[in-house]
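Undergrad: I am sharing query04.pdb, which consists of PDB, C-alpha atoms, pLDDT in the B column:
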MODEL        1
ATOM      1  CA  MET A   1     143.177 164.137 158.014  1.00 95.00           C
ATOM      2  CA  LEU A   2     140.878 163.922 154.999  1.00 97.00           C
ATOM      3  CA  SER A   3     141.925 161.742 152.094  1.00 97.00           C
ATOM      4  CA  GLY A   4     140.603 160.773 148.706  1.00 97.00           C
ATOM      5  CA  GLU A   5     142.854 157.690 148.822  1.00 97.00           C
ATOM      6  CA  PRO A   6     142.487 154.443 150.857  1.00 97.00           C
ATOM      7  CA  LEU A   7     143.249 154.944 154.574  1.00 98.00           C
ATOM      8  CA  SER A   8     146.116 153.154 156.307  1.00 98.00           C
ATOM      9  CA  LEU A   9     145.685 151.611 159.745  1.00 98.00           C
ATOM     10  CA  ASP A  10     149.487 151.217 159.920  1.00 98.00           C
ATOM     11  CA  ASP A  11     149.991 154.963 159.443  1.00 98.00           C
ATOM     12  CA  CYS A  12     147.521 155.716 162.243  1.00 98.00           C
ATOM     13  CA  GLN A  13     149.205 153.187 164.555  1.00 98.00           C
ATOM     14  CA  SER A  14     152.696 154.567 163.853  1.00 98.00           C
ATOM     15  CA  PHE A  15     151.438 158.081 164.582  1.00 98.00           C
ATOM     16  CA  VAL A  16     150.009 157.293 168.039  1.00 98.00           C
ATOM     17  CA  ALA A  17     152.425 154.586 169.271  1.00 98.00           C
ATOM     18  CA  HIS A  18     154.879 155.655 171.982  1.00 98.00           C
ATOM     19  CA  PRO A  19     157.104 153.850 174.510  1.00 98.00           C
ATOM     20  CA  SER A  20     155.127 155.439 177.382  1.00 97.00           C
ATOM     21  CA  CYS A  21     151.826 154.007 176.087  1.00 97.00           C
ATOM     22  CA  GLY A  22     150.585 150.557 177.069  1.00 97.00           C
ATOM     23  CA  GLY A  23     147.186 150.975 175.450  1.00 97.00           C
ATOM     24  CA  LEU A  24     146.357 151.682 171.825  1.00 98.00           C
ATOM     25  CA  CYS A  25     142.716 151.633 170.764  1.00 98.00           C
ATOM     26  CA  PHE A  26     141.371 151.736 167.204  1.00 98.00           C
ATOM     27  CA  PHE A  27     137.982 152.235 165.627  1.00 98.00           C
ATOM     28  CA  VAL A  28     137.647 151.379 161.939  1.00 98.00           C
ATOM     29  CA  GLY A  29     134.376 152.344 160.257  1.00 98.00           C
ATOM     30  CA  THR A  30     133.563 150.444 157.066  1.00 96.00           C
ATOM     31  CA  ILE A  31     130.809 150.587 154.436  1.00 95.00           C
ATOM     32  CA  ARG A  32     127.909 148.196 155.078  1.00 92.00           C
ATOM     33  CA  ASP A  33     125.879 146.488 152.364  1.00 92.00           C
ATOM     34  CA  LEU A  34     122.539 147.126 154.128  1.00 88.00           C
ATOM     35  CA  ASN A  35     121.169 150.303 155.704  1.00 83.00           C
ATOM     36  CA  LEU A  36     117.630 150.605 157.084  1.00 80.00           C
ATOM     37  CA  GLY A  37     116.767 147.382 155.269  1.00 85.00           C
ATOM     38  CA  GLU A  38     117.854 148.742 151.878  1.00 85.00           C
ATOM     39  CA  THR A  39     120.650 147.257 149.779  1.00 92.00           C
ATOM     40  CA  VAL A  40     123.447 149.765 149.286  1.00 91.00           C
ATOM     41  CA  THR A  41     125.541 149.450 146.125  1.00 92.00           C
ATOM     42  CA  HIS A  42     128.151 152.097 146.938  1.00 92.00           C
ATOM     43  CA  LEU A  43     128.613 155.377 148.730  1.00 95.00           C
ATOM     44  CA  GLU A  44     130.029 158.849 148.300  1.00 97.00           C
ATOM     45  CA  PHE A  45     131.500 161.133 150.992  1.00 98.00           C
ATOM     46  CA  GLU A  46     131.603 164.866 150.435  1.00 97.00           C
ATOM     47  CA  ALA A  47     133.336 167.264 152.837  1.00 98.00           C
ATOM     48  CA  TYR A  48     133.691 170.982 153.369  1.00 98.00           C
ATOM     49  CA  ALA A  49     137.384 170.228 153.650  1.00 98.00           C
ATOM     50  CA  PRO A  50     138.941 173.213 155.463  1.00 98.00           C
ATOM     51  CA  MET A  51     136.270 173.269 158.161  1.00 98.00           C
ATOM     52  CA  ALA A  52     136.162 169.460 158.433  1.00 98.00           C
ATOM     53  CA  VAL A  53     139.902 169.397 159.169  1.00 98.00           C
ATOM     54  CA  ARG A  54     139.520 172.176 161.768  1.00 98.00           C
ATOM     55  CA  GLU A  55     136.659 170.350 163.488  1.00 98.00           C
ATOM     56  CA  MET A  56     138.573 167.047 163.439  1.00 98.00           C
ATOM     57  CA  ARG A  57     141.561 168.777 165.037  1.00 98.00           C
ATOM     58  CA  LYS A  58     139.325 170.296 167.758  1.00 98.00           C
ATOM     59  CA  ILE A  59     137.948 166.846 168.592  1.00 98.00           C
ATOM     60  CA  ALA A  60     141.448 165.353 168.797  1.00 98.00           C
ATOM     61  CA  VAL A  61     142.611 168.137 171.124  1.00 98.00           C
ATOM     62  CA  ALA A  62     139.472 167.822 173.283  1.00 98.00           C
ATOM     63  CA  ALA A  63     139.932 164.040 173.544  1.00 98.00           C
ATOM     64  CA  ARG A  64     143.575 164.377 174.562  1.00 98.00           C
ATOM     65  CA  GLU A  65     142.702 166.859 177.306  1.00 98.00           C
ATOM     66  CA  ARG A  66     139.591 165.104 178.554  1.00 98.00           C
ATOM     67  CA  PHE A  67     141.013 161.564 178.730  1.00 98.00           C
ATOM     68  CA  GLY A  68     144.702 162.385 179.184  1.00 98.00           C
ATOM     69  CA  LEU A  69     145.633 160.627 175.941  1.00 98.00           C
ATOM     70  CA  HIS A  70     149.133 160.657 174.534  1.00 98.00           C
ATOM     71  CA  ALA A  71     148.062 161.012 170.893  1.00 98.00           C
ATOM     72  CA  VAL A  72     145.028 160.872 168.609  1.00 98.00           C
ATOM     73  CA  SER A  73     144.931 160.094 164.908  1.00 98.00           C
ATOM     74  CA  LEU A  74     141.719 160.710 162.955  1.00 98.00           C
ATOM     75  CA  HIS A  75     141.540 159.913 159.241  1.00 98.00           C
ATOM     76  CA  HIS A  76     138.395 160.158 157.096  1.00 98.00           C
ATOM     77  CA  ARG A  77     137.829 159.257 153.449  1.00 98.00           C
ATOM     78  CA  THR A  78     136.214 161.415 150.794  1.00 98.00           C
ATOM     79  CA  GLY A  79     134.959 160.401 147.340  1.00 98.00           C
ATOM     80  CA  ASP A  80     133.450 157.138 146.122  1.00 97.00           C
ATOM     81  CA  LEU A  81     133.634 154.082 148.378  1.00 97.00           C
ATOM     82  CA  ALA A  82     132.605 150.464 147.778  1.00 96.00           C
ATOM     83  CA  ILE A  83     131.078 148.003 150.271  1.00 95.00           C
ATOM     84  CA  GLY A  84     133.742 146.947 152.762  1.00 95.00           C
ATOM     85  CA  ASP A  85     135.942 150.004 152.179  1.00 97.00           C
ATOM     86  CA  THR A  86     137.236 151.890 155.205  1.00 98.00           C
ATOM     87  CA  ALA A  87     135.479 155.242 155.719  1.00 98.00           C
ATOM     88  CA  VAL A  88     137.134 156.336 158.937  1.00 98.00           C
ATOM     89  CA  ILE A  89     139.943 155.351 161.316  1.00 98.00           C
ATOM     90  CA  VAL A  90     140.330 156.584 164.890  1.00 98.00           C
ATOM     91  CA  ALA A  91     143.531 155.668 166.716  1.00 98.00           C
ATOM     92  CA  VAL A  92     144.368 156.769 170.248  1.00 98.00           C
ATOM     93  CA  SER A  93     147.142 155.949 172.680  1.00 98.00           C
ATOM     94  CA  SER A  94     147.441 156.250 176.426  1.00 98.00           C
ATOM     95  CA  LYS A  95     149.358 154.827 179.341  1.00 97.00           C
ATOM     96  CA  HIS A  96     146.530 152.428 180.256  1.00 96.00           C
ATOM     97  CA  ARG A  97     143.633 150.866 178.365  1.00 96.00           C
ATOM     98  CA  LYS A  98     140.570 152.484 179.948  1.00 97.00           C
ATOM     99  CA  PRO A  99     141.168 156.060 178.756  1.00 98.00           C
ATOM    100  CA  ALA A 100     142.102 154.622 175.347  1.00 98.00           C
ATOM    101  CA  PHE A 101     138.736 152.846 174.990  1.00 98.00           C
ATOM    102  CA  GLU A 102     136.795 155.864 176.261  1.00 98.00           C
ATOM    103  CA  GLY A 103     138.735 158.398 174.221  1.00 98.00           C
ATOM    104  CA  CYS A 104     138.348 156.372 171.032  1.00 98.00           C
ATOM    105  CA  GLU A 105     134.557 156.212 171.486  1.00 98.00           C
ATOM    106  CA  PHE A 106     134.400 159.941 172.261  1.00 98.00           C
ATOM    107  CA  VAL A 107     136.275 160.821 169.051  1.00 98.00           C
ATOM    108  CA  ILE A 108     133.999 158.835 166.711  1.00 98.00           C
ATOM    109  CA  ASP A 109     130.833 160.014 168.513  1.00 98.00           C
ATOM    110  CA  GLU A 110     131.871 163.685 168.228  1.00 98.00           C
ATOM    111  CA  LEU A 111     132.927 163.276 164.600  1.00 98.00           C
ATOM    112  CA  LYS A 112     129.419 162.105 163.746  1.00 98.00           C
ATOM    113  CA  LYS A 113     127.914 165.187 165.443  1.00 97.00           C
ATOM    114  CA  THR A 114     130.021 168.105 164.244  1.00 97.00           C
ATOM    115  CA  VAL A 115     132.382 167.398 161.345  1.00 98.00           C
ATOM    116  CA  PRO A 116     130.995 168.737 158.032  1.00 98.00           C
ATOM    117  CA  ILE A 117     131.105 165.513 156.028  1.00 98.00           C
ATOM    118  CA  TRP A 118     128.097 164.145 154.142  1.00 98.00           C
ATOM    119  CA  LYS A 119     127.276 160.629 153.052  1.00 97.00           C
ATOM    120  CA  ARG A 120     125.305 159.834 149.924  1.00 96.00           C
ATOM    121  CA  GLU A 121     124.032 156.293 149.573  1.00 95.00           C
ATOM    122  CA  PHE A 122     123.384 154.723 146.208  1.00 95.00           C
ATOM    123  CA  ARG A 123     120.570 152.163 146.393  1.00 92.00           C
ATOM    124  CA  ALA A 124     118.397 150.355 143.880  1.00 87.00           C
ATOM    125  CA  ASP A 125     115.651 153.001 144.408  1.00 86.00           C
ATOM    126  CA  GLY A 126     117.942 155.993 143.886  1.00 90.00           C
ATOM    127  CA  THR A 127     120.380 158.104 145.905  1.00 92.00           C
ATOM    128  CA  HIS A 128     119.914 159.473 149.425  1.00 93.00           C
ATOM    129  CA  TRP A 129     121.844 162.003 151.521  1.00 95.00           C
ATOM    130  CA  LEU A 130     121.910 160.393 154.968  1.00 94.00           C
ATOM    131  CA  ASN A 131     120.300 162.184 157.946  1.00 94.00           C
ATOM    132  CA  ALA A 132     119.137 165.053 155.703  1.00 95.00           C
ATOM    133  CA  ARG A 133     115.374 164.526 155.693  1.00 93.00           C
ATOM    134  CA  PRO A 134     112.971 163.341 158.410  1.00 91.00           C
TER
ATOM    135  CA  MET B   1     132.206 198.401 155.628  1.00 50.00           C
ATOM    136  CA  ASP B   2     131.087 199.860 152.312  1.00 53.00           C
ATOM    137  CA  LYS B   3     127.654 201.451 152.673  1.00 56.00           C
ATOM    138  CA  LEU B   4     126.447 199.577 149.610  1.00 59.00           C
ATOM    139  CA  ALA B   5     128.006 196.248 150.556  1.00 57.00           C
ATOM    140  CA  HIS B   6     124.704 194.867 151.804  1.00 58.00           C
ATOM    141  CA  LEU B   7     123.211 195.341 148.338  1.00 69.00           C
ATOM    142  CA  THR B   8     125.807 193.101 146.717  1.00 80.00           C
ATOM    143  CA  PRO B   9     124.467 189.557 146.472  1.00 90.00           C
ATOM    144  CA  MET B  10     126.364 187.278 148.819  1.00 94.00           C
ATOM    145  CA  LYS B  11     127.752 183.970 147.613  1.00 96.00           C
ATOM    146  CA  ILE B  12     126.765 181.078 149.896  1.00 98.00           C
ATOM    147  CA  LEU B  13     128.526 177.717 149.478  1.00 98.00           C
ATOM    148  CA  CYS B  14     126.438 174.547 149.438  1.00 98.00           C
ATOM    149  CA  PHE B  15     127.414 170.932 150.148  1.00 98.00           C
ATOM    150  CA  GLY B  16     125.586 167.604 150.252  1.00 97.00           C
ATOM    151  CA  VAL B  17     121.819 167.899 150.026  1.00 97.00           C
ATOM    152  CA  ALA B  18     122.176 171.712 150.047  1.00 98.00           C
ATOM    153  CA  ARG B  19     124.024 171.499 146.732  1.00 97.00           C
ATOM    154  CA  GLU B  20     121.115 169.475 145.357  1.00 96.00           C
ATOM    155  CA  ILE B  21     118.537 172.025 146.573  1.00 97.00           C
ATOM    156  CA  ALA B  22     120.547 174.989 145.277  1.00 97.00           C
ATOM    157  CA  GLY B  23     121.153 173.230 141.953  1.00 96.00           C
ATOM    158  CA  GLY B  24     124.901 173.874 142.229  1.00 97.00           C
ATOM    159  CA  SER B  25     127.850 174.373 144.555  1.00 97.00           C
ATOM    160  CA  HIS B  26     126.672 177.850 145.603  1.00 97.00           C
ATOM    161  CA  LEU B  27     123.756 180.256 145.586  1.00 97.00           C
ATOM    162  CA  PHE B  28     123.416 184.017 145.945  1.00 96.00           C
ATOM    163  CA  LEU B  29     121.305 185.873 148.528  1.00 95.00           C
ATOM    164  CA  ASP B  30     120.587 189.615 148.360  1.00 89.00           C
ATOM    165  CA  ASP B  31     120.567 191.913 151.321  1.00 87.00           C
ATOM    166  CA  VAL B  32     122.192 189.646 153.926  1.00 93.00           C
ATOM    167  CA  ALA B  33     125.591 191.311 154.581  1.00 92.00           C
ATOM    168  CA  GLY B  34     125.403 193.365 157.773  1.00 93.00           C
ATOM    169  CA  GLY B  35     122.454 191.327 159.077  1.00 95.00           C
ATOM    170  CA  THR B  36     122.306 188.415 161.502  1.00 97.00           C
ATOM    171  CA  VAL B  37     122.677 184.744 160.719  1.00 98.00           C
ATOM    172  CA  ALA B  38     119.028 184.360 161.776  1.00 97.00           C
ATOM    173  CA  SER B  39     117.891 186.792 159.086  1.00 96.00           C
ATOM    174  CA  LEU B  40     120.092 185.017 156.532  1.00 97.00           C
ATOM    175  CA  ARG B  41     118.310 181.759 157.435  1.00 97.00           C
ATOM    176  CA  GLU B  42     114.914 183.429 156.986  1.00 96.00           C
ATOM    177  CA  ARG B  43     116.008 184.838 153.653  1.00 95.00           C
ATOM    178  CA  LEU B  44     117.251 181.418 152.544  1.00 97.00           C
ATOM    179  CA  LEU B  45     113.965 179.726 153.495  1.00 97.00           C
ATOM    180  CA  ARG B  46     112.008 182.380 151.609  1.00 96.00           C
ATOM    181  CA  ASP B  47     114.069 182.020 148.422  1.00 95.00           C
ATOM    182  CA  TYR B  48     114.599 178.245 148.692  1.00 97.00           C
ATOM    183  CA  PRO B  49     111.658 176.738 150.648  1.00 97.00           C
ATOM    184  CA  ALA B  50     113.077 173.209 150.162  1.00 97.00           C
ATOM    185  CA  PHE B  51     115.586 173.945 152.959  1.00 97.00           C
ATOM    186  CA  GLY B  52     112.569 173.837 155.293  1.00 97.00           C
ATOM    187  CA  GLU B  53     112.135 170.145 154.453  1.00 97.00           C
ATOM    188  CA  LEU B  54     115.496 169.227 156.027  1.00 97.00           C
ATOM    189  CA  VAL B  55     115.798 167.912 159.586  1.00 96.00           C
ATOM    190  CA  SER B  56     117.854 171.044 160.310  1.00 96.00           C
ATOM    191  CA  PHE B  57     120.711 173.024 158.864  1.00 97.00           C
ATOM    192  CA  ALA B  58     123.516 175.067 160.391  1.00 98.00           C
ATOM    193  CA  VAL B  59     125.374 178.040 158.972  1.00 98.00           C
ATOM    194  CA  ALA B  60     129.162 178.316 159.047  1.00 98.00           C
ATOM    195  CA  ARG B  61     130.990 181.609 158.833  1.00 98.00           C
ATOM    196  CA  ASN B  62     134.719 181.551 158.026  1.00 98.00           C
ATOM    197  CA  GLU B  63     135.009 177.820 158.796  1.00 98.00           C
ATOM    198  CA  GLU B  64     133.295 177.966 162.213  1.00 98.00           C
ATOM    199  CA  TYR B  65     129.707 177.185 163.201  1.00 98.00           C
ATOM    200  CA  ALA B  66     127.820 180.494 163.501  1.00 98.00           C
ATOM    201  CA  GLU B  67     125.255 181.480 166.136  1.00 98.00           C
ATOM    202  CA  ASP B  68     121.913 182.956 165.019  1.00 97.00           C
ATOM    203  CA  THR B  69     122.908 186.283 166.594  1.00 98.00           C
ATOM    204  CA  ASP B  70     126.254 186.569 164.735  1.00 98.00           C
ATOM    205  CA  ILE B  71     126.531 189.331 162.151  1.00 97.00           C
ATOM    206  CA  VAL B  72     127.362 188.338 158.578  1.00 96.00           C
ATOM    207  CA  GLU B  73     130.004 190.657 157.137  1.00 95.00           C
ATOM    208  CA  ALA B  74     130.648 191.266 153.450  1.00 92.00           C
ATOM    209  CA  GLY B  75     133.581 189.065 152.447  1.00 93.00           C
ATOM    210  CA  ASP B  76     132.792 186.295 154.941  1.00 96.00           C
ATOM    211  CA  GLU B  77     132.856 182.751 153.647  1.00 97.00           C
ATOM    212  CA  VAL B  78     129.328 181.577 154.415  1.00 98.00           C
ATOM    213  CA  VAL B  79     128.391 177.916 154.049  1.00 98.00           C
ATOM    214  CA  ILE B  80     125.131 176.042 154.572  1.00 98.00           C
ATOM    215  CA  ILE B  81     125.786 172.926 156.668  1.00 98.00           C
ATOM    216  CA  PRO B  82     122.980 170.362 156.308  1.00 98.00           C
ATOM    217  CA  PRO B  83     122.842 167.522 158.883  1.00 97.00           C
ATOM    218  CA  VAL B  84     126.301 165.943 158.894  1.00 98.00           C
ATOM    219  CA  ALA B  85     126.818 162.213 158.293  1.00 97.00           C
ATOM    220  CA  GLY B  86     130.483 161.350 158.620  1.00 96.00           C
ATOM    221  CA  GLY B  87     131.858 158.074 159.932  1.00 94.00           C
TER
ENDMDL
END
Could you rewrite the structure in this file as structure tokens?
TA:
Amino acid sequence: MLSGEPLSLDDCQSFVAHPSCGGLCFFVGTIRDLNLGETVTHLEFEAYAPMAVREMRKIAVAARERFGLHAVSLHHRTGDLAIGDTAVIVAVSSKHRKPAFEGCEFVIDELKKTVPIWKREFRADGTHWLNARP
Amino acid sequence: MDKLAHLTPMKILCFGVAREIAGGSHLFLDDVAGGTVASLRERLLRDYPAFGELVSFAVARNEEYAEDTDIVEAGDEVVIIPPVAGG
């Protein structure tokens, strides 16, 4: 899910929790005040929304199949974010903990590779689209 | 497909740094409908050389990543996907 509003860890937990699951694993990505030694004042996320949602769904399905997870919840913010704000939440559930840890890591790693979302950092020396230029 | 469709400029959507390079949320390229994604990329680099300064960029067609050999049809939603940076 993509949202212009603050993300809820509770919502993600409720979505994946199930009586058959003894392991829930979460990754919460937040906005740091320093990147590559530069002070970041705030940040903006832009998404090509329809394709981003499709790609996020593909990752969730792939993670469920690959690690035998019960459920996956993947929420990402768009718009302006301040330092400390939550940019992304991954929640997964499975019977035991190991697939939960592995599946959670897989989901965030894949999101960073394929989902069409872009991050613009605002620093003292101007604005930068991350990863765009060498 | 209309015989003249390839002459109609095609609207290409731009996000992130691509929007900055294009100077807006989209740009138009002539003579790309009916050709491959590879030739669309060449055309883009000719008209907007600044795209060559990026680490890379992908092309999406109808909300899916396109291969260089895919054919761009008139009416497709074509989007330039600069290096992604979610998370």
Undergrad: Please identify all polymer residues within 6 Å of B:Gly86, counting only C-alpha atoms, omitting same-chain residues fewer than 5 positions from it, and present them as a list in words.
TA: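 Here the answer would be Lys112, Ile117 and Trp118 of chain A.
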Undergrad: Name all residues at most 8 Å from stretch 45-62 of chain B (count all atoms listed in the file; drop same-chain ones fewer than 2 positions away) and give them as a PyMOL selection string.
TA: (chain A and resi 131-134) or (chain B and resi 18+21-22+37+41-43+64-67+72+76-83)
Undergrad: Hey, what's within 7 Å of A:Val115 if we count all atoms listed in the file and toss same-chain stuff fewer than 4 positions away? As a PDB file with C-alpha atoms, in the frame of the given file, please?
TA:
ATOM      1  CA  ALA A  52     136.162 169.460 158.433  1.00 98.00           C
ATOM      2  CA  GLU A  55     136.659 170.350 163.488  1.00 98.00           C
ATOM      3  CA  MET A  56     138.573 167.047 163.439  1.00 98.00           C
ATOM      4  CA  LEU A 111     132.927 163.276 164.600  1.00 98.00           C
TER       5      LEU A 111
ATOM      6  CA  VAL B  84     126.301 165.943 158.894  1.00 98.00           C
ATOM      7  CA  GLY B  86     130.483 161.350 158.620  1.00 96.00           C
TER       8      GLY B  86
END
Undergrad: Have a look at A:Ala49, A:Ala82, A:Cys12, A:Ala124 and name the one nearest to chain B; count only C-alpha atoms.
TA: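 Ranking A:Ala49, A:Ala82, A:Cys12, A:Ala124 by distance to chain B, first place goes to A:Ala49.
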Undergrad: Can you work out which one of B:Met10, B:Ala33, B:Ala74, B:Val17 has the shortest atom-to-atom distance to chain A, counting only C-alpha atoms?
TA: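 That would be B:Val17, the residue with the smallest distance to chain A.
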Undergrad: Go ahead and compute the interatomic distance for atom CA of B:Pro9 and atom CA of B:Val32, in Å to one decimal.
TA: 7.8 Å
Undergrad: Could you tell me how far atom CA of A:Ala71 sits from atom CA of A:Val16, in Å to one decimal place?
TA: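 Interatomic distance, atom CA of A:Val16 to atom CA of A:Ala71: 5.1 Å.
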Undergrad: Neighbours of A:Leu74 within 9 Å (only C-alpha atoms; same-chain residues fewer than 6 positions away dropped), as a list in words?
TA: Met1, Leu2, Cys12, Met56, Arg57, Ala60, Val88, Ile89, Val90, Ala91, Val92, Val107 and Ile108 of chain A
Undergrad: What's around A:Thr127 at 10 Å? Count all atoms listed in the file, leave out sequence neighbours fewer than 3 positions away in its own chain, and write the answer as a PDB file with C-alpha atoms, keeping the file's coordinate frame.
TA:
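Output saved as part27.pdb:
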ATOM      1  CA  VAL A  40     123.447 149.765 149.286  1.00 91.00           C
ATOM      2  CA  HIS A  42     128.151 152.097 146.938  1.00 92.00           C
ATOM      3  CA  LEU A  43     128.613 155.377 148.730  1.00 95.00           C
ATOM      4  CA  GLU A  44     130.029 158.849 148.300  1.00 97.00           C
ATOM      5  CA  ARG A 120     125.305 159.834 149.924  1.00 96.00           C
ATOM      6  CA  GLU A 121     124.032 156.293 149.573  1.00 95.00           C
ATOM      7  CA  PHE A 122     123.384 154.723 146.208  1.00 95.00           C
ATOM      8  CA  ARG A 123     120.570 152.163 146.393  1.00 92.00           C
ATOM      9  CA  ALA A 124     118.397 150.355 143.880  1.00 87.00           C
ATOM     10  CA  LEU A 130     121.910 160.393 154.968  1.00 94.00           C
TER      11      LEU A 130
END
Undergrad: Just checking: using all atoms listed in the file, which residue out of A:Asp109, A:Asp125, A:Asp10, A:Glu65 ends up closest to chain B?
TA: A:Asp109
Undergrad: Would you list the residues near (124.9, 193.2, 159.0) (no more than 10 Å away, in the coordinates of the file, using only C-alpha atoms) as a list in words?
TA: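 Protein, DNA and RNA residues close to (124.9, 193.2, 159.0): Met1, Ala5, His6, Asp31, Val32, Ala33, Gly34, Gly35, Thr36, Val37, Ser39, Leu40, Asp70, Ile71, Val72, Glu73 and Ala74 of chain B.
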Undergrad: Atom CA of A:Val28 and atom CA of B:Glu63, how far apart in Å?
TA: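 Between atom CA of B:Glu63 and atom CA of A:Val28 the gap works out to 26.8 Å.
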Undergrad: For A:Ile31, which of A:Ala63, A:Val72, A:Leu7, A:Leu81 is the closest residue, counting only C-alpha atoms?
TA: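 Distance minimum relative to A:Ile31 lands on A:Leu81.
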Undergrad: Once the PyMOL selection byres ((chain A and resi 97) around 8) is applied to the coordinates I shared, what remains selected? I want it as JSON, numbers by chain.
TA: {"A": [22, 23, 24, 25, 94, 95, 96, 98, 99, 100, 101]}
Undergrad: Looking at only C-alpha atoms, which of B:Leu44, B:Asp68, B:Phe28, B:Leu13 is the one that sits closest to chain A?
TA: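 Once distances to chain A are computed over only C-alpha atoms, the minimum belongs to B:Leu13.
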